[in-house]
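What follows is a set of notes on a single structure, which appears directly below.
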Amino acid sequence: MSEVIKVSNLYKKYGTVVALHNVNLKIKKGEIVGICGPNGSGKSTFLRILSGIVKPTTGYVEILGGVAGRKARKHIAYVSENDIYYKWMKIGELLSFLRSFYPSFDYEKAKMLLEDEGLDLNKKVGELSKGYRQRLKVIMAISNSPEVILLDEPFSGIDMLSRERILNILKEFLIGAERTALISSHFVEGIEEIFSRVIFFKEGNVVLDEDCEAMREKYGKSVKSMYFEVFGGLS
Ligand code: ADP
Ligand code: MG
């Protein structure tokens with residue numbers, strides 16, 4: 001499998017706060033990577049740097065053969081943890097807007113997925129619950145058929161049903177499709193099944209980087225129990 005992301009000596013400082021210490025890693029095509037760790041461990045910073053919207057202080061990120069930034073962005077989708085769409089926009093209007101803005105946007109696919117999720121095109125973004133707003137963001141991002149998708153906390157603060165639905169949408173999009181995903185989360189329970197590999201961040205450092213299958217074989221542990229072990233939970 002070929003490498004799609006190469007991170008070398010990545011270091012990021014905001015004022016006096018060091019968000020990432022010295023991160024080195026490689027991600028291969030087709031991997032579905034969980035970027036896990038407690039709040040403040042550097043996950044969002046890491047994904048923002050990969051997406052090209054934040055510049056590293058020092059170090060280097062190569063993504064799809066180029067430096068993280070504008071050029072590579074066409075094939076990369078970054079889904080921020082924040083709300084990104086105008087509240088006053090109707091979902092149907094948003095759909096038309098994205099179609100006109102992105103030549104590769106698959107309008108029919110998006111429309112079908114939105115309908116499957118019960119997202120009424122006449123509803124305004126602002127009328128949706130968080131779970132539905134997250135589903136909307138994920139659907140819009142995958143409808144551009146990105147080669148690499150970076151999702152920041154897509155499962156945070158949503159109900160179980162929305163979590164299952166988003167997991168299913170992502171599985172459908174990713175599994176067996178040679179697409180690469182990095183998904184950050186401050187918890188692993190209920191979502192670990194989707195990951196082929198997990199990387200744990202602690203205070204800006206990578207403290208664990210394992211293939212999930214290998215982890216189960218090597219340590220006989222689930223991602224969840226490993227998380228508790230690394231971050232000091234009770235089990
Ligand atoms: P996570 O996503 O794991 O919660 P972040 O990447 O958001 O972690 O944050 C890592 C560290 O960097 C934290 O100490 C946070 O307070 C700090 N940080 C993140 N973004 C900024 C910013 N824009 N300005 C100043 N400090 C920041
Ligand atoms: Mg974050």
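Residue numbering restarts at 1 in every chain; chains get A, B, ... in the order shown in the structure tokens, and ligands count up from 1 in that same order.
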
Inset, instruction - Throw together the list of residues within 8 Å of ligand 1, counting only C-alpha atoms and all ligand atoms, and drop it here as a VMD selection string. - result: chain A and resid 13 to 15 17 to 20 36 to 46 152 184 186 201 203 to 204

Legend entry - Who sits within 12 Å of A:Leu113, only C-alpha atoms, same chain under 3 positions skipped, as a PyMOL selection string: chain A and resi 95+106-110+116-121+135-143+165-166+168-170+172-173

Inset, instruction - Pick out the closest residue to A:Leu174 from this set: A:Ile32, A:Met160, A:Ala214, A:Val223. Count only C-alpha atoms. - result: A:Ile32

Inset, instruction - Would you please work out which residue, of A:Tyr219, A:Ile5, A:Gly157, A:Glu31, is nearest to A:Gly65 when using only C-alpha atoms? - result: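 Using only C-alpha atoms, the shortest distance to A:Gly65 belongs to A:Ile5.
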
Inset, instruction - Could you give me, as a PyMOL selection string, each residue of chain A that DSSP assigns to helix (DSSP H, G or I) when run on this structure's backbone? - result: chain A and resi 43-51+70-73+91-101+107-116+125-127+130-142+160-174+192-194+212-219+223-231

Create the file for the chosen residues now, containing C-alpha atoms and written as a PDB file, in the first residue's frame.
ATOM      1  CA  LYS A  43      -5.905  16.203  17.921  1.00  0.00           C
ATOM      2  CA  SER A  44      -7.609  19.218  16.359  1.00  0.00           C
ATOM      3  CA  THR A  45      -4.314  20.980  15.801  1.00  0.00           C
ATOM      4  CA  PHE A  46      -2.969  17.893  14.076  1.00  0.00           C
ATOM      5  CA  LEU A  47      -5.976  17.598  11.735  1.00  0.00           C
ATOM      6  CA  ARG A  48      -5.999  21.341  11.002  1.00  0.00           C
ATOM      7  CA  ILE A  49      -2.345  21.190   9.996  1.00  0.00           C
ATOM      8  CA  LEU A  50      -3.056  18.208   7.757  1.00  0.00           C
ATOM      9  CA  SER A  51      -5.928  20.079   6.144  1.00  0.00           C
ATOM     10  CA  ARG A  70      -4.209  24.670  -1.101  1.00  0.00           C
ATOM     11  CA  LYS A  71      -3.101  22.446  -3.941  1.00  0.00           C
ATOM     12  CA  ALA A  72      -3.825  19.147  -2.248  1.00  0.00           C
ATOM     13  CA  ARG A  73      -7.124  20.388  -0.826  1.00  0.00           C
ATOM     14  CA  ILE A  91     -30.496  22.163   3.193  1.00  0.00           C
ATOM     15  CA  GLY A  92     -31.633  22.215  -0.458  1.00  0.00           C
ATOM     16  CA  GLU A  93     -29.958  25.609  -0.947  1.00  0.00           C
ATOM     17  CA  LEU A  94     -26.781  24.337   0.628  1.00  0.00           C
ATOM     18  CA  LEU A  95     -26.865  21.375  -1.732  1.00  0.00           C
ATOM     19  CA  SER A  96     -27.179  23.654  -4.787  1.00  0.00           C
ATOM     20  CA  PHE A  97     -24.456  25.913  -3.445  1.00  0.00           C
ATOM     21  CA  LEU A  98     -22.018  23.022  -3.004  1.00  0.00           C
ATOM     22  CA  ARG A  99     -22.841  21.708  -6.468  1.00  0.00           C
ATOM     23  CA  SER A 100     -22.040  25.072  -8.041  1.00  0.00           C
ATOM     24  CA  PHE A 101     -18.910  25.520  -5.966  1.00  0.00           C
ATOM     25  CA  TYR A 107     -25.383  16.100  -6.155  1.00  0.00           C
ATOM     26  CA  GLU A 108     -27.491  12.990  -6.678  1.00  0.00           C
ATOM     27  CA  LYS A 109     -25.535  10.968  -4.158  1.00  0.00           C
ATOM     28  CA  ALA A 110     -25.784  13.714  -1.562  1.00  0.00           C
ATOM     29  CA  LYS A 111     -29.503  14.097  -2.150  1.00  0.00           C
ATOM     30  CA  MET A 112     -30.046  10.384  -1.771  1.00  0.00           C
ATOM     31  CA  LEU A 113     -28.027  10.180   1.442  1.00  0.00           C
ATOM     32  CA  LEU A 114     -29.842  13.193   2.886  1.00  0.00           C
ATOM     33  CA  GLU A 115     -33.173  11.578   2.099  1.00  0.00           C
ATOM     34  CA  ASP A 116     -32.034   8.292   3.680  1.00  0.00           C
ATOM     35  CA  VAL A 125     -29.588  24.188   8.923  1.00  0.00           C
ATOM     36  CA  GLY A 126     -30.360  26.092  12.127  1.00  0.00           C
ATOM     37  CA  GLU A 127     -33.413  23.932  12.796  1.00  0.00           C
ATOM     38  CA  LYS A 130     -26.542  18.449  16.682  1.00  0.00           C
ATOM     39  CA  GLY A 131     -26.818  14.812  15.601  1.00  0.00           C
ATOM     40  CA  TYR A 132     -28.446  15.841  12.329  1.00  0.00           C
ATOM     41  CA  ARG A 133     -26.008  18.710  11.783  1.00  0.00           C
ATOM     42  CA  GLN A 134     -23.169  16.198  12.117  1.00  0.00           C
ATOM     43  CA  ARG A 135     -24.829  13.809   9.670  1.00  0.00           C
ATOM     44  CA  LEU A 136     -25.264  16.720   7.260  1.00  0.00           C
ATOM     45  CA  LYS A 137     -21.582  17.687   7.443  1.00  0.00           C
ATOM     46  CA  VAL A 138     -20.410  14.112   6.924  1.00  0.00           C
ATOM     47  CA  ILE A 139     -22.745  13.580   3.960  1.00  0.00           C
ATOM     48  CA  MET A 140     -21.663  16.817   2.292  1.00  0.00           C
ATOM     49  CA  ALA A 141     -17.989  15.955   2.799  1.00  0.00           C
ATOM     50  CA  ILE A 142     -18.171  12.456   1.345  1.00  0.00           C
ATOM     51  CA  MET A 160     -26.462   7.025  19.991  1.00  0.00           C
ATOM     52  CA  LEU A 161     -28.677   6.774  16.953  1.00  0.00           C
ATOM     53  CA  SER A 162     -26.853   9.583  15.140  1.00  0.00           C
ATOM     54  CA  ARG A 163     -23.570   7.930  16.073  1.00  0.00           C
ATOM     55  CA  GLU A 164     -24.665   4.644  14.503  1.00  0.00           C
ATOM     56  CA  ARG A 165     -25.943   6.403  11.401  1.00  0.00           C
ATOM     57  CA  ILE A 166     -22.696   8.352  10.935  1.00  0.00           C
ATOM     58  CA  LEU A 167     -20.666   5.189  11.489  1.00  0.00           C
ATOM     59  CA  ASN A 168     -22.710   3.470   8.796  1.00  0.00           C
ATOM     60  CA  ILE A 169     -22.374   6.347   6.338  1.00  0.00           C
ATOM     61  CA  LEU A 170     -18.614   6.344   6.865  1.00  0.00           C
ATOM     62  CA  LYS A 171     -18.284   2.566   6.620  1.00  0.00           C
ATOM     63  CA  GLU A 172     -20.201   2.553   3.370  1.00  0.00           C
ATOM     64  CA  PHE A 173     -17.951   5.276   2.008  1.00  0.00           C
ATOM     65  CA  LEU A 174     -14.639   3.939   3.288  1.00  0.00           C
ATOM     66  CA  GLU A 192     -13.645   1.635  17.730  1.00  0.00           C
ATOM     67  CA  GLU A 193     -15.019  -0.951  15.269  1.00  0.00           C
ATOM     68  CA  ILE A 194     -14.450   1.416  12.351  1.00  0.00           C
ATOM     69  CA  CYS A 212      -6.124  -2.564  15.768  1.00  0.00           C
ATOM     70  CA  GLU A 213      -5.947  -6.231  14.783  1.00  0.00           C
ATOM     71  CA  ALA A 214      -2.333  -6.453  15.891  1.00  0.00           C
ATOM     72  CA  MET A 215      -3.197  -4.766  19.160  1.00  0.00           C
ATOM     73  CA  ARG A 216      -5.852  -7.341  19.934  1.00  0.00           C
ATOM     74  CA  GLU A 217      -3.421 -10.140  19.070  1.00  0.00           C
ATOM     75  CA  LYS A 218      -0.351  -8.667  20.726  1.00  0.00           C
ATOM     76  CA  TYR A 219      -1.928  -7.455  23.951  1.00  0.00           C
ATOM     77  CA  VAL A 223      -8.964  -0.165  21.877  1.00  0.00           C
ATOM     78  CA  LYS A 224     -11.136   0.866  24.801  1.00  0.00           C
ATOM     79  CA  SER A 225      -9.162  -1.025  27.439  1.00  0.00           C
ATOM     80  CA  MET A 226      -5.919   0.226  25.914  1.00  0.00           C
ATOM     81  CA  TYR A 227      -7.246   3.773  26.110  1.00  0.00           C
ATOM     82  CA  PHE A 228      -7.986   3.383  29.810  1.00  0.00           C
ATOM     83  CA  GLU A 229      -4.571   1.885  30.384  1.00  0.00           C
ATOM     84  CA  VAL A 230      -2.728   4.683  28.594  1.00  0.00           C
ATOM     85  CA  PHE A 231      -4.802   7.537  29.971  1.00  0.00           C
TER      86      PHE A 231
END

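A straight-line distance of 27.2 Å separates atom CA of A:Ser2 from atom CA of A:Thr57.
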
What are the DSSP strand (DSSP E) residues of stretch 90-188 of chain A, as a compact mmCIF listing (two decimals) with N, CA, C and O atoms, in the first residue's frame?
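Saved result, out_27.txt, follows:
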# COMPACT_ATOMS: atom_id res chain seq x y z
N VAL A 148 -8.87 11.60 0.73
CA VAL A 148 -8.53 11.62 2.16
C VAL A 148 -9.60 12.43 2.88
O VAL A 148 -9.93 13.53 2.46
N ILE A 149 -10.13 11.85 3.95
CA ILE A 149 -11.11 12.60 4.74
C ILE A 149 -10.62 12.74 6.17
O ILE A 149 -10.15 11.78 6.79
N LEU A 150 -10.66 13.98 6.66
CA LEU A 150 -10.20 14.28 8.01
C LEU A 150 -11.42 14.74 8.80
O LEU A 150 -12.04 15.75 8.46
N LEU A 151 -11.79 13.97 9.81
CA LEU A 151 -13.00 14.30 10.57
C LEU A 151 -12.62 14.60 12.01
O LEU A 151 -12.05 13.75 12.70
N ASP A 152 -12.95 15.82 12.44
CA ASP A 152 -12.61 16.20 13.80
C ASP A 152 -13.83 16.01 14.71
O ASP A 152 -14.83 16.72 14.56
N THR A 180 -8.74 7.04 2.44
CA THR A 180 -8.05 7.13 3.72
C THR A 180 -8.81 8.08 4.63
O THR A 180 -9.27 9.13 4.17
N ALA A 181 -8.92 7.70 5.90
CA ALA A 181 -9.65 8.56 6.83
C ALA A 181 -8.89 8.71 8.14
O ALA A 181 -8.30 7.75 8.64
N LEU A 182 -8.90 9.92 8.65
CA LEU A 182 -8.40 10.18 10.01
C LEU A 182 -9.57 10.75 10.79
O LEU A 182 -10.17 11.75 10.36
N ILE A 183 -9.90 10.09 11.88
CA ILE A 183 -11.09 10.48 12.63
C ILE A 183 -10.68 10.73 14.07
O ILE A 183 -10.21 9.82 14.75
N SER A 184 -10.86 11.96 14.54
CA SER A 184 -10.45 12.21 15.91
C SER A 184 -11.61 11.99 16.86
O SER A 184 -12.78 12.17 16.49
N SER A 185 -11.26 11.61 18.08
CA SER A 185 -12.29 11.44 19.11
C SER A 185 -11.65 11.46 20.49
O SER A 185 -10.55 10.95 20.67

Inset, instruction - Could you jot down the atom CA of A:Glu210 to atom CA of A:Val61 separation for me, Å, one decimal place? - result: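 Between atom CA of A:Glu210 and atom CA of A:Val61 the gap is 20.4 Å.
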
Legend entry - d(atom CA of A:Val33, atom CA of A:Arg197) in Å: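 Between atom CA of A:Val33 and atom CA of A:Arg197 the gap works out to 4.8 Å.
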
Inset, instruction - Go through A:Phe105, A:Leu208, A:Lys202, A:Glu81 and flag the residue nearest ligand 2, using only C-alpha atoms and all ligand atoms for the distances. - result: A:Glu81

Legend entry - Best match for closeness to ligand 2 among A:Glu153, A:Ser145, A:Val198, A:Glu189, counting only C-alpha atoms and all ligand atoms: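 Ranking A:Glu153, A:Ser145, A:Val198, A:Glu189 by distance to ligand 2, first place goes to A:Glu153.
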
Inset, instruction - Check the smallest atom-to-atom distance from each of A:Gly176, A:Lys124, A:Ser156, A:Ser104 to ligand 2 using only C-alpha atoms and all ligand atoms, then report the winner. - result: A:Ser156
